Every structure is written in structure tokens, then in C-alpha cells.
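Data file: data_9.pdb. Format and content: PDB, C-alpha atoms.
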MODEL        1
ATOM      1  CA  MET A   1       9.261   9.322   4.093
ATOM      2  CA  ALA A   2      10.390   8.168   0.659
ATOM      3  CA  LEU A   3       9.132   5.515  -1.728
ATOM      4  CA  GLU A   4      11.696   3.546  -3.730
ATOM      5  CA  PRO A   5      10.958   1.007  -6.470
ATOM      6  CA  LEU A   6      11.433  -2.442  -4.948
ATOM      7  CA  THR A   7      14.602  -4.334  -5.904
ATOM      8  CA  ILE A   8      16.084  -7.649  -4.803
ATOM      9  CA  GLU A   9      18.772  -5.679  -2.950
ATOM     10  CA  HIS A  10      16.126  -4.425  -0.498
ATOM     11  CA  ALA A  11      15.487  -7.946   0.877
ATOM     12  CA  PRO A  12      17.922  -7.869   3.857
ATOM     13  CA  ALA A  13      16.636  -4.472   5.036
ATOM     14  CA  LEU A  14      13.047  -5.687   4.692
ATOM     15  CA  VAL A  15      13.866  -8.759   6.812
ATOM     16  CA  GLU A  16      15.164  -6.442   9.527
ATOM     17  CA  ALA A  17      12.022  -4.302   9.363
ATOM     18  CA  ALA A  18       9.750  -7.358   9.444
ATOM     19  CA  SER A  19      11.479  -8.854  12.481
ATOM     20  CA  GLN A  20      10.825  -6.010  14.941
ATOM     21  CA  ASP A  21       7.527  -7.259  16.379
ATOM     22  CA  ARG A  22       5.654  -9.787  14.279
ATOM     23  CA  SER A  23       2.653  -9.842  16.612
ATOM     24  CA  THR A  24       1.394  -6.691  14.821
ATOM     25  CA  PHE A  25       1.003  -8.530  11.484
ATOM     26  CA  GLY A  26      -2.110 -10.531  12.368
ATOM     27  CA  PHE A  27      -4.047  -9.667   9.207
ATOM     28  CA  THR A  28      -1.127  -9.010   6.872
ATOM     29  CA  ALA A  29       1.189 -11.166   4.750
ATOM     30  CA  VAL A  30       4.708 -10.284   5.912
ATOM     31  CA  PRO A  31       7.564 -12.677   5.051
ATOM     32  CA  ASP A  32       9.624 -14.080   7.929
ATOM     33  CA  GLY A  33      13.336 -14.590   7.290
ATOM     34  CA  ILE A  34      15.563 -14.087   4.289
ATOM     35  CA  GLU A  35      14.316 -17.004   2.161
ATOM     36  CA  GLU A  36      10.652 -16.012   2.516
ATOM     37  CA  MET A  37      11.555 -12.391   1.836
ATOM     38  CA  LEU A  38      13.551 -13.247  -1.284
ATOM     39  CA  ASN A  39      10.622 -15.259  -2.638
ATOM     40  CA  TYR A  40       8.255 -12.406  -1.778
ATOM     41  CA  VAL A  41      10.424  -9.839  -3.583
ATOM     42  CA  ARG A  42      10.942 -12.083  -6.613
ATOM     43  CA  ASN A  43       7.195 -12.671  -6.908
ATOM     44  CA  LEU A  44       6.473  -8.942  -6.749
ATOM     45  CA  LEU A  45       9.138  -8.182  -9.323
ATOM     46  CA  GLY A  46       7.627 -10.846 -11.575
ATOM     47  CA  SER A  47       4.176  -9.300 -11.159
ATOM     48  CA  HIS A  48       5.668  -5.905 -11.952
ATOM     49  CA  LYS A  49       7.250  -7.236 -15.136
ATOM     50  CA  ALA A  50       3.848  -8.655 -16.120
ATOM     51  CA  GLY A  51       2.224  -5.238 -15.578
ATOM     52  CA  GLN A  52       0.157  -6.377 -12.590
ATOM     53  CA  ASP A  53       1.867  -4.557  -9.714
ATOM     54  CA  VAL A  54       4.109  -1.561  -9.060
ATOM     55  CA  PRO A  55       5.858  -2.330  -5.738
ATOM     56  CA  PHE A  56       7.788   0.068  -3.498
ATOM     57  CA  VAL A  57       9.728   0.015  -0.263
ATOM     58  CA  GLN A  58       8.947   2.701   2.297
ATOM     59  CA  ARG A  59      11.987   4.393   3.787
ATOM     60  CA  ARG A  60      12.388   6.943   6.555
ATOM     61  CA  VAL A  61      13.829  10.343   5.706
ATOM     62  CA  ASN A  62      16.032  11.789   8.442
ATOM     63  CA  SER A  63      15.597  15.310   9.802
ATOM     64  CA  GLU A  64      18.416  16.613   7.590
ATOM     65  CA  GLY A  65      16.712  15.137   4.519
ATOM     66  CA  SER A  66      18.911  12.075   4.006
ATOM     67  CA  LEU A  67      17.464   8.606   3.483
ATOM     68  CA  GLY A  68      17.140   6.429   6.564
ATOM     69  CA  GLU A  69      16.101   2.854   7.249
ATOM     70  CA  VAL A  70      13.685   0.776   5.203
ATOM     71  CA  VAL A  71      10.482   0.291   7.205
ATOM     72  CA  GLY A  72       8.096  -1.606   4.940
ATOM     73  CA  CYS A  73       6.376  -2.057   1.596
ATOM     74  CA  SER A  74       3.372  -0.824  -0.372
ATOM     75  CA  ARG A  75       2.282  -1.108  -3.986
ATOM     76  CA  PHE A  76      -0.117  -0.359  -6.781
ATOM     77  CA  MET A  77      -2.053  -3.542  -7.577
ATOM     78  CA  ASN A  78      -5.139  -4.695  -9.483
ATOM     79  CA  ILE A  79      -4.318  -2.162 -12.183
ATOM     80  CA  ALA A  80      -7.318  -1.858 -14.522
ATOM     81  CA  PHE A  81      -7.649  -0.481 -18.063
ATOM     82  CA  PRO A  82     -11.410  -0.612 -18.851
ATOM     83  CA  LEU A  83     -11.269   2.502 -21.074
ATOM     84  CA  SER A  84      -8.021   1.502 -22.849
ATOM     85  CA  ARG A  85      -6.740   5.095 -22.646
ATOM     86  CA  SER A  86      -3.396   5.701 -24.297
ATOM     87  CA  VAL A  87      -1.209   8.816 -24.326
ATOM     88  CA  ASN A  88       1.557   8.917 -26.938
ATOM     89  CA  GLY A  89       1.227   5.180 -27.307
ATOM     90  CA  GLU A  90       1.459   4.478 -23.567
ATOM     91  CA  LEU A  91      -1.537   2.760 -21.976
ATOM     92  CA  PHE A  92      -2.725   4.534 -18.814
ATOM     93  CA  PRO A  93      -4.811   2.792 -16.130
ATOM     94  CA  ASP A  94      -8.315   3.953 -15.254
ATOM     95  CA  GLY A  95      -8.447   2.349 -11.825
ATOM     96  CA  VAL A  96      -5.947   0.960  -9.338
ATOM     97  CA  GLU A  97      -5.761  -0.445  -5.826
ATOM     98  CA  ILE A  98      -3.211   0.631  -3.229
ATOM     99  CA  GLY A  99      -2.399  -2.344  -1.046
ATOM    100  CA  GLY A 100       0.070  -4.971   0.044
ATOM    101  CA  THR A 101       1.085  -2.472   2.719
ATOM    102  CA  TRP A 102       3.010  -3.403   5.837
ATOM    103  CA  LEU A 103       5.202  -1.413   8.209
ATOM    104  CA  ALA A 104       7.770  -2.283  10.849
ATOM    105  CA  ARG A 105       6.473  -1.925  14.397
ATOM    106  CA  SER A 106       8.530   1.253  14.912
ATOM    107  CA  ALA A 107       6.848   2.908  11.902
ATOM    108  CA  GLN A 108       3.274   2.023  12.785
ATOM    109  CA  ARG A 109       1.056   4.820  14.139
ATOM    110  CA  THR A 110       3.385   7.409  12.593
ATOM    111  CA  SER A 111       2.812   9.648   9.584
ATOM    112  CA  ILE A 112       4.691   7.272   7.263
ATOM    113  CA  ASN A 113       1.633   5.374   6.037
ATOM    114  CA  THR A 114      -0.293   8.614   5.442
ATOM    115  CA  GLU A 115       2.626  10.138   3.540
ATOM    116  CA  ALA A 116       2.855   7.030   1.356
ATOM    117  CA  LYS A 117      -0.869   7.135   0.591
ATOM    118  CA  LEU A 118      -0.552  10.825  -0.339
ATOM    119  CA  MET A 119       2.333  10.124  -2.712
ATOM    120  CA  LEU A 120       0.707   7.093  -4.324
ATOM    121  CA  MET A 121      -2.705   8.687  -4.726
ATOM    122  CA  THR A 122      -1.183  11.893  -6.105
ATOM    123  CA  TYR A 123       0.599   9.874  -8.763
ATOM    124  CA  ALA A 124      -2.485   7.795  -9.550
ATOM    125  CA  PHE A 125      -4.868  10.755  -9.883
ATOM    126  CA  GLU A 126      -2.532  13.408 -11.275
ATOM    127  CA  THR A 127      -0.139  11.463 -13.513
ATOM    128  CA  TRP A 128      -2.123   8.390 -14.545
ATOM    129  CA  ARG A 129      -5.393  10.346 -14.150
ATOM    130  CA  VAL A 130      -7.264   7.316 -12.886
ATOM    131  CA  GLN A 131     -10.941   7.646 -12.038
ATOM    132  CA  ARG A 132     -10.824   5.377  -8.983
ATOM    133  CA  VAL A 133      -8.369   4.281  -6.303
ATOM    134  CA  ALA A 134      -9.389   1.355  -4.111
ATOM    135  CA  ILE A 135      -8.017   0.516  -0.666
ATOM    136  CA  CYS A 136      -9.046  -2.836   0.796
ATOM    137  CA  THR A 137      -8.511  -4.673   4.069
ATOM    138  CA  ASP A 138      -9.658  -7.699   6.032
ATOM    139  CA  GLU A 139     -13.214  -7.049   7.196
ATOM    140  CA  ARG A 140     -12.121  -7.656  10.826
ATOM    141  CA  ASN A 141      -9.159  -5.272  10.771
ATOM    142  CA  GLU A 142     -10.761  -2.374  12.624
ATOM    143  CA  GLN A 143      -7.503  -0.415  12.984
ATOM    144  CA  SER A 144      -6.925  -0.476   9.227
ATOM    145  CA  ARG A 145     -10.556   0.353   8.453
ATOM    146  CA  ARG A 146     -10.547   3.397  10.748
ATOM    147  CA  ALA A 147      -7.299   4.592   9.167
ATOM    148  CA  ILE A 148      -8.773   4.315   5.661
ATOM    149  CA  GLU A 149     -11.899   6.192   6.732
ATOM    150  CA  ARG A 150      -9.769   8.881   8.389
ATOM    151  CA  ILE A 151      -8.066   9.741   5.112
ATOM    152  CA  GLY A 152     -11.365   9.926   3.234
ATOM    153  CA  GLY A 153     -11.938   6.441   1.829
ATOM    154  CA  ILE A 154     -15.627   5.716   1.164
ATOM    155  CA  PHE A 155     -16.881   2.307   2.280
ATOM    156  CA  GLU A 156     -18.369   0.393  -0.656
ATOM    157  CA  GLY A 157     -19.170  -2.930   0.977
ATOM    158  CA  VAL A 158     -17.760  -6.343   1.830
ATOM    159  CA  LEU A 159     -16.680  -8.952  -0.687
ATOM    160  CA  ARG A 160     -17.301 -12.325   0.920
ATOM    161  CA  SER A 161     -14.684 -15.100   0.719
ATOM    162  CA  ASP A 162     -12.651 -12.839  -1.532
ATOM    163  CA  ARG A 163      -8.920 -13.251  -0.856
ATOM    164  CA  PRO A 164      -6.581 -15.554   1.070
ATOM    165  CA  SER A 165      -6.670 -14.983   4.811
ATOM    166  CA  TRP A 166      -3.308 -14.221   6.406
ATOM    167  CA  VAL A 167      -4.526 -15.018   9.928
ATOM    168  CA  ALA A 168      -2.235 -17.841  11.064
ATOM    169  CA  SER A 169      -5.062 -20.146  12.134
ATOM    170  CA  GLU A 170      -6.922 -19.653   8.832
ATOM    171  CA  LYS A 171      -4.260 -20.593   6.256
ATOM    172  CA  GLY A 172      -5.980 -22.129   3.247
ATOM    173  CA  ASN A 173      -9.201 -20.195   3.828
ATOM    174  CA  LEU A 174     -10.566 -17.052   2.222
ATOM    175  CA  ARG A 175     -11.276 -13.841   4.115
ATOM    176  CA  ASN A 176     -14.033 -11.269   3.702
ATOM    177  CA  THR A 177     -12.633  -8.022   2.280
ATOM    178  CA  ALA A 178     -13.864  -4.534   3.228
ATOM    179  CA  VAL A 179     -13.628  -2.339   0.133
ATOM    180  CA  TYR A 180     -13.076   1.425   0.241
ATOM    181  CA  SER A 181     -12.417   3.847  -2.586
ATOM    182  CA  VAL A 182     -11.705   7.418  -3.589
ATOM    183  CA  VAL A 183     -12.912   8.605  -6.994
ATOM    184  CA  SER A 184     -11.470  11.459  -9.021
ATOM    185  CA  ALA A 185     -14.170  13.979  -8.042
ATOM    186  CA  GLU A 186     -13.305  13.395  -4.360
ATOM    187  CA  TRP A 187      -9.546  13.622  -4.796
ATOM    188  CA  PRO A 188      -9.074  17.390  -4.160
ATOM    189  CA  GLU A 189     -10.761  17.125  -0.761
ATOM    190  CA  VAL A 190      -8.945  13.896   0.115
ATOM    191  CA  LYS A 191      -5.612  15.392  -0.951
ATOM    192  CA  SER A 192      -6.227  18.404   1.281
ATOM    193  CA  ARG A 193      -7.081  16.122   4.195
ATOM    194  CA  LEU A 194      -4.001  13.941   3.695
ATOM    195  CA  THR A 195      -1.752  16.983   3.369
ATOM    196  CA  SER A 196      -3.131  18.447   6.601
ATOM    197  CA  ILE A 197      -2.608  15.179   8.490
ATOM    198  CA  VAL A 198       0.987  14.950   7.293
ATOM    199  CA  ARG A 199       1.667  18.608   8.101
ATOM    200  CA  GLU A 200       0.187  18.328  11.602
ATOM    201  CA  SER A 201       2.210  15.205  12.349
ATOM    202  CA  SER A 202       5.458  16.981  11.449
ATOM    203  CA  PHE A 203       5.168  19.445  14.346
TER     204      PHE A 203
ENDMDL
END
Turn this file's structure into C-alpha cells for me.
Amino acid sequence: MALEPLTIEHAPALVEAASQDRSTFGFTAVPDGIEEMLNYVRNLLGSHKAGQDVPFVQRRVNSEGSLGEVVGCSRFMNIAFPLSRSVNGELFPDGVEIGGTWLARSAQRTSINTEAKLMLMTYAFETWRVQRVAICTDERNEQSRRAIERIGGIFEGVLRSDRPSWVASEKGNLRNTAVYSVVSAEWPEVKSRLTSIVRESSF
């Protein structure tokens, strides 16, 4: 699996990934069709320019090591700078959330999501040296919650009426958000766990 910085040129491939089986996106915002996808990508690129998000596409890597199809998106979001740390004049975040993640049906229940979390968390903890990485999901999304717990996320609680619900029948309403996190002291153990999961899935 590879992460690539999101560009407008990725939109057609993302439409193809999002069209495989949309019934699996019950709790997730996934654009439908080229116009929705173009707006989605433009909004993310605007948020990136404003320093609010760092979006990526997730791409398969073939057995010979070459890049394969685009299968979804993920991003750094809610980037926080409470300590105002700077290194050589560059401001480094102290906390970040990994979210906005969706995968094509063919990539779900594979190692791709785990590999992406390993890459993103490694960068956050070892390059940015953040103290906290959050991972959040709809309170009712049991599959997502179990996956977060499996990789070592610690449940912090539920934020009530926190974010827009993406359940089709609830448009215009707010969802409850289950909040999980990993802090810097826990990262070595979580990294080992993630690495083991990825290694085991490759056999």
C-alpha cells in the first residue's frame, strides 16, 4: 500500500473506487460521481492550503512493487499547535487526528487500512513528534470501533451531537462521535502491534 498526496488528477480513479459497492459507506462521507468527487477534492485541497488538513489517496502496491489502483482516501485533520513548537522556523503540530478514511469495497477487510495507519502514525509521532493522535468514528459504527481498538486506540468517551451525520436518513443532523487516541508514551507498543498485523497479513 502507498499513500500519495491528493491531487485533482486523482478524482476519476477515486470515482471508480467509490462506485464498487456504496452500501458499505453507511457511516462515511464518500462522494458519488465525478462532480461530487471534484468538489470533495477541491475542498480538501483548499483545507490543505489553509493548513487544516493533509489529504492522501491510498493506492495498492502490486506484488512486484509497482503502484496499482487507487482504493480510497485518508488524511491528517484537526491539526493542533497548543505548544507552538517550531523547529528551524517551521511550526510542528502537537496533536492530530487521522480520519476522513474510506476504502473501496475490494480493499475493505484487507491490510490496507492498517498499513495506512502505520504510515500516518509513524510520521506523526516520529517526524512531527506529536504527543497525541486521535481516531474518531460514529458512535454506532461497531466495525470501525473494533478496528481502532485492535490497533491499540484507547477509548476516551463519546462527544454528543458532535459532527454531521453521514447516514442517509439523518442528513442535517449531528452524530455522536466515539473518540479514541494514542499518546506518545504508547506509540512504541502500538507501532509494534501495527507492524505485526501488517506482517501477518502479508503471508
> When the PyMOL selection byres ((chain A and resi 104) around 10) is applied to the file above, which residues end up in the set, as a list in words?
Replying inline: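 Given this file, the PyMOL selection byres ((chain A and resi 104) around 10) evaluates to Leu14, Val15, Glu16, Ala17, Ala18, Ser19, Gln20, Asp21, Arg22, Thr24, Phe25, Val30, Gln58, Val70, Val71, Gly72, Cys73, Trp102, Leu103, Arg105, Ser106, Ala107 and Gln108 of chain A.
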Write out, as a compact mmCIF listing (two decimals), in the frame of the given file, the residues just selected, with C-alpha atoms.
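So the final result, stored in out_29.txt, reads:
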# COMPACT_ATOMS: atom_id res chain seq x y z
CA LEU A 14 13.05 -5.69 4.69
CA VAL A 15 13.87 -8.76 6.81
CA GLU A 16 15.16 -6.44 9.53
CA ALA A 17 12.02 -4.30 9.36
CA ALA A 18 9.75 -7.36 9.44
CA SER A 19 11.48 -8.85 12.48
CA GLN A 20 10.82 -6.01 14.94
CA ASP A 21 7.53 -7.26 16.38
CA ARG A 22 5.65 -9.79 14.28
CA THR A 24 1.39 -6.69 14.82
CA PHE A 25 1.00 -8.53 11.48
CA VAL A 30 4.71 -10.28 5.91
CA GLN A 58 8.95 2.70 2.30
CA VAL A 70 13.68 0.78 5.20
CA VAL A 71 10.48 0.29 7.20
CA GLY A 72 8.10 -1.61 4.94
CA CYS A 73 6.38 -2.06 1.60
CA TRP A 102 3.01 -3.40 5.84
CA LEU A 103 5.20 -1.41 8.21
CA ARG A 105 6.47 -1.92 14.40
CA SER A 106 8.53 1.25 14.91
CA ALA A 107 6.85 2.91 11.90
CA GLN A 108 3.27 2.02 12.78
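Residue selection for this entry, given the PyMOL selection byres ((chain A and resi 4) around 6), comprises A:Leu3, A:Pro5, A:Phe56, A:Val57.
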> To one decimal place, how far is atom CA of Glu90 of chain A from atom CA of Ala50 of chain A in Å?
Replying inline: 15.3 Å
> Using only C-alpha atoms, can you list as number ranges by chain the residues within 10 Å of (1.2, 6.6, 9.3)?
Replying inline: A: 1, 103, 107-117, 147, 197-198, 201
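Atom pair atom CA of Glu189 of chain A / atom CA of Met119 of chain A: separated by 15.0 Å.
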Residue members of the PyMOL selection byres ((chain A and resi 131) around 10) in the file shown, as a PDB file with C-alpha atoms, in the frame of the given file:
ATOM      1  CA  PRO A  93      -4.811   2.792 -16.130  1.00  0.00           C
ATOM      2  CA  ASP A  94      -8.315   3.953 -15.254  1.00  0.00           C
ATOM      3  CA  GLY A  95      -8.447   2.349 -11.825  1.00  0.00           C
ATOM      4  CA  VAL A  96      -5.947   0.960  -9.338  1.00  0.00           C
ATOM      5  CA  ALA A 124      -2.485   7.795  -9.550  1.00  0.00           C
ATOM      6  CA  PHE A 125      -4.868  10.755  -9.883  1.00  0.00           C
ATOM      7  CA  TRP A 128      -2.123   8.390 -14.545  1.00  0.00           C
ATOM      8  CA  ARG A 129      -5.393  10.346 -14.150  1.00  0.00           C
ATOM      9  CA  VAL A 130      -7.264   7.316 -12.886  1.00  0.00           C
ATOM     10  CA  ARG A 132     -10.824   5.377  -8.983  1.00  0.00           C
ATOM     11  CA  VAL A 133      -8.369   4.281  -6.303  1.00  0.00           C
ATOM     12  CA  VAL A 182     -11.705   7.418  -3.589  1.00  0.00           C
ATOM     13  CA  VAL A 183     -12.912   8.605  -6.994  1.00  0.00           C
ATOM     14  CA  SER A 184     -11.470  11.459  -9.021  1.00  0.00           C
ATOM     15  CA  ALA A 185     -14.170  13.979  -8.042  1.00  0.00           C
ATOM     16  CA  GLU A 186     -13.305  13.395  -4.360  1.00  0.00           C
ATOM     17  CA  TRP A 187      -9.546  13.622  -4.796  1.00  0.00           C
TER      18      TRP A 187
END
> For the atom pair atom CA of Ile79 of chain A and atom CA of Leu45 of chain A, what is the interatomic distance in Å to one decimal place?
Replying inline: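 Calculated distance between atom CA of Ile79 of chain A and atom CA of Leu45 of chain A is 15.0 Å.
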> Restricting the calculation to only C-alpha atoms, which member of A:Ser196, A:Asn39, A:Thr137, A:Asn88 is positioned closest to Arg175 of chain A?
Replying inline: A:Thr137
> Out of A:Thr127, A:Ile135, A:Arg163, A:Ala2, which residue has the shortest atom-to-atom distance to Val61 of chain A when counting all atoms listed in the file?
Replying inline: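 The answer is A:Ala2, which sits nearest to Val61 of chain A.
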